[in-house]
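What follows is a short report on a single structure.
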Amino acid sequence: MNVHTLTVALPGGSVEMPYLDAVGDRPGPHLTVIAGIHGTEYTSIAAAREFAAGLDPVRMAGQITVVPVVNVTAFWARSPFVVPEDGRNLNRSFPGDPHGSVAEILADAVTTTFIKGSDYLLDLHAGDLPEALEPFALYDESPVEAQARELALAYGLGHVVRQSRGERTVGGSTSAIAADLGIPAITAESGQNGILDRPSVERHLRGLDNVCRWLGIFDGPPPEPSAPVEHEGWLWLRTDCAGWWEPAVAVGTDVAAGDLLGTVSDLLGDRVQEIRAPDAGVPLFITSSPAVGEDGLLMGLALTADH
Ligand SMILES: [Zn+2]
């Protein structure tokens with residue numbers, strides 16, 4: 001097992017990103033696992049650390065690279081969503097730009113060093129500090145999407161979302177750029193609200209083990225086939241005005257078109273906006289903090305597949 005550090009030069013300094021490389025005794029695919037693109041999604045970071053610590057090259061085929069904390073400064077600053085230096089979401093900054101802002105420089109370093117050259121990519125996430133979340137995996141439309149979907153099914157979470165190219169709610173993400181490079185990839189989400197809870201970590205660890213057995217990197221029977229709810233795209237609902245957000249539904253529940261999803265009121269309690277479901281679907285993440293700004297993100301509503 002080889003321990004490395006990627007040093008990324010930034011304006012006014014540099015950042016050090018530790019990672020681990022395990023090369024098996026037998027030939028096989030190269031799987032890259034990254035976490036901590038968002039620095040406060042602790043269940044995913046914990047799972048990547050434990051997974052890396054448990055690797056045994058003698059008992060594996062191929063190669064596994066694990067980067068437990070990509071957004072290093074956000075991790076130390078306990079900063080949700082963004083890279084503290086420039087306030088930009090790293091997962092909207094791929095493939096990156098070596099001459100751009102800090103987020104773009106980091107994205108470029110990750111694309112160049114870790115994503116290119118991988119045969120498969122798993123990007124581990126959770127609901128961020130103010131986000132409740134139902135476990136799900138996401139993949140993007142691409143020529144390799146059938147394999148990406150298989151990765152999502154092997155990971156074994158309850159919901160899977162496919163994002164078509166034309167309707168990419170999330171552009172500039174790791175899985176989107178990997179798809180563009182022809183590398184099957186998924187974003188896997190388990191955990192919420194910055195809480196380091198054991199069941200969410202173990203859900204990620206089971207997913208990692210399943211994928212490694214599915215790829216033949218680990219010995220053992222292929223994972224039990226999972227039958228998640230598969231969604232075709234999703235809608236990210238936002239508020240018109242700043243206010244006190246109160247969801248009327250929980251993550252993971254089926255909602256019908258027109259159902260009340262929540263309300264926004266002013267600080268004295270007068271209702272200023274009702275949020276209703278534009279279509280049938282399942283909220284997979286919901287902002288759990290009542291404080292939402294103008295145009296603030298409220299929830300991700302995954303659309304029922306026969307939509
Ligand atoms: Zn995330």
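Residues in the structure tokens are numbered from 1 in each chain, the chains being A, B, ... in the order shown, and ligands are numbered from 1 in the order shown.
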
Task: Residue neighbourhood Ile64 of chain A, 8 Å, only C-alpha atoms, exclusion window fewer than 2 positions, as an MDAnalysis selection string - done: chainID A and resid 21:23 30:33 62 66

Open item on the list: If the limit is 6 Å from any atom of ligand 1, counting only C-alpha atoms and all ligand atoms, which residues qualify? Return them as a PyMOL selection string.
Closed with: chain A and resi 38+125-126

Task: Atom-to-atom span, atom CA of Leu297 of chain A and atom CA of Trp236 of chain A, Å - done: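 Spanning atom CA of Leu297 of chain A to atom CA of Trp236 of chain A is a straight-line distance of 7.0 Å.
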
TODO: Excluding Ala103 of chain A and residues on its chain fewer than 5 positions from it, collect all residues at most 10 Å away from it, counting only C-alpha atoms, and give them as a VMD selection string.
DONE: chain A and resid 10 71 82 to 94 96 to 98 108 to 109

Generate the output file for the selected residues, N, CA and C atoms, as a compact mmCIF listing (two decimals), in the first residue's frame.
# COMPACT_ATOMS: atom_id res chain seq x y z
N LEU A 10 -1.55 26.92 -5.07
CA LEU A 10 -2.67 27.86 -5.15
C LEU A 10 -2.10 29.28 -5.06
N ASN A 71 -11.51 18.33 -0.61
CA ASN A 71 -11.65 19.78 -0.33
C ASN A 71 -11.04 20.06 1.05
N VAL A 82 -18.88 24.79 -0.09
CA VAL A 82 -17.95 25.55 -0.95
C VAL A 82 -16.49 25.41 -0.54
N VAL A 83 -15.64 25.89 -1.43
CA VAL A 83 -14.22 26.07 -1.13
C VAL A 83 -14.11 27.44 -0.44
N PRO A 84 -13.59 27.48 0.80
CA PRO A 84 -13.63 28.76 1.53
C PRO A 84 -12.91 29.90 0.82
N GLU A 85 -11.83 29.58 0.11
CA GLU A 85 -11.03 30.65 -0.49
C GLU A 85 -11.80 31.47 -1.52
N ASP A 86 -12.70 30.81 -2.28
CA ASP A 86 -13.39 31.57 -3.34
C ASP A 86 -14.91 31.46 -3.26
N GLY A 87 -15.41 30.73 -2.25
CA GLY A 87 -16.86 30.63 -2.08
C GLY A 87 -17.57 29.85 -3.17
N ARG A 88 -16.82 29.05 -3.94
CA ARG A 88 -17.43 28.31 -5.05
C ARG A 88 -17.58 26.84 -4.69
N ASN A 89 -18.65 26.23 -5.24
CA ASN A 89 -18.91 24.82 -5.01
C ASN A 89 -17.95 24.01 -5.89
N LEU A 90 -17.07 23.23 -5.25
CA LEU A 90 -16.09 22.44 -6.00
C LEU A 90 -16.78 21.48 -6.96
N ASN A 91 -17.95 20.96 -6.55
CA ASN A 91 -18.65 19.99 -7.41
C ASN A 91 -19.47 20.63 -8.53
N ARG A 92 -19.23 21.92 -8.79
CA ARG A 92 -19.75 22.59 -9.99
C ARG A 92 -18.58 23.15 -10.80
N SER A 93 -17.36 22.77 -10.43
CA SER A 93 -16.16 23.41 -10.99
C SER A 93 -15.34 22.49 -11.89
N PHE A 94 -15.81 21.26 -12.09
CA PHE A 94 -15.06 20.31 -12.93
C PHE A 94 -15.34 20.56 -14.41
N GLY A 96 -12.38 21.85 -14.30
CA GLY A 96 -11.43 22.75 -13.66
C GLY A 96 -10.56 23.51 -14.63
N ASP A 97 -9.72 24.37 -14.06
CA ASP A 97 -8.85 25.24 -14.86
C ASP A 97 -7.62 25.56 -14.02
N PRO A 98 -6.42 25.16 -14.50
CA PRO A 98 -5.21 25.40 -13.69
C PRO A 98 -4.93 26.88 -13.47
N ASP A 108 -9.15 20.94 -11.39
CA ASP A 108 -8.21 20.55 -12.44
C ASP A 108 -7.20 19.53 -11.92
N ALA A 109 -6.70 19.75 -10.70
CA ALA A 109 -5.72 18.82 -10.13
C ALA A 109 -6.34 17.44 -9.92

Please tabulate, as CSV, the residues of segment 190-251 of chain A that come within 9 Å of segment 151-170 of chain A, each with its closest pair of atoms and the distance in Å to one decimal, counting only C-alpha atoms and ordering rows by chain, then residue number upward.
residue,atom,partner,partner_atom,distance
A:Ser190,CA,A:Leu157,CA,8.3
A:Arg203,CA,A:Leu157,CA,7.8
A:His204,CA,A:Tyr155,CA,8.0
A:Arg206,CA,A:Tyr155,CA,7.4
A:Gly207,CA,A:Tyr155,CA,4.0
A:Leu208,CA,A:Tyr155,CA,6.6
A:Asp209,CA,A:Tyr155,CA,8.2
A:Asn210,CA,A:Ala154,CA,5.8
A:Val211,CA,A:Ala154,CA,5.6
A:Arg213,CA,A:Ala154,CA,8.9
A:Trp214,CA,A:Ala154,CA,6.8
A:Leu215,CA,A:Leu151,CA,8.8
A:Pro222,CA,A:Ala154,CA,8.6
A:Pro223,CA,A:Ala154,CA,6.4
A:Glu224,CA,A:Ala154,CA,7.9
A:Pro225,CA,A:Ala154,CA,7.0
A:Ser226,CA,A:Gly156,CA,5.6
A:Ala227,CA,A:Leu153,CA,7.4
A:Pro228,CA,A:Gly158,CA,4.6
A:Val229,CA,A:His159,CA,4.8
A:Glu230,CA,A:Val160,CA,4.8
A:His231,CA,A:Val161,CA,4.7
A:Glu232,CA,A:Arg162,CA,5.3
A:Gly233,CA,A:Gln163,CA,4.9
A:Trp234,CA,A:Thr169,CA,7.3
A:Leu235,CA,A:Thr169,CA,7.3
A:Trp236,CA,A:Thr169,CA,7.3

Task: Residue nearest Val251 of chain A - candidates A:Glu141, A:Glu134, A:Glu202, A:Glu189, atoms counted: only C-alpha atoms - done: A:Glu134

Open item on the list: Report, in Å to a single decimal, how far apart atom CA of Gly24 of chain A and atom CA of Val144 of chain A are.
Closed with: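 Distance reported for this atom pair: 25.0 Å.
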
Open item on the list: Nearest residue to Leu284 of chain A out of A:Ala242, A:Leu129, A:Ala52, A:Leu138, using only C-alpha atoms?
Closed with: A:Leu138

Open item on the list: Which residues are near segment 262-268 of chain A? Cut-off 12 Å, only C-alpha atoms, ignore same chain within fewer than 2 positions. Put them as a PyMOL selection string.
Closed with: chain A and resi 237-250+255+258-260+270-277+283+286-299

TODO: Using DSSP on the backbone coordinates, identify the residues of segment 113-208 of chain A assigned to strand (DSSP E); present them as a PyMOL selection string.
DONE: chain A and resi 120-125+131-133+136-140+159-163+185-189
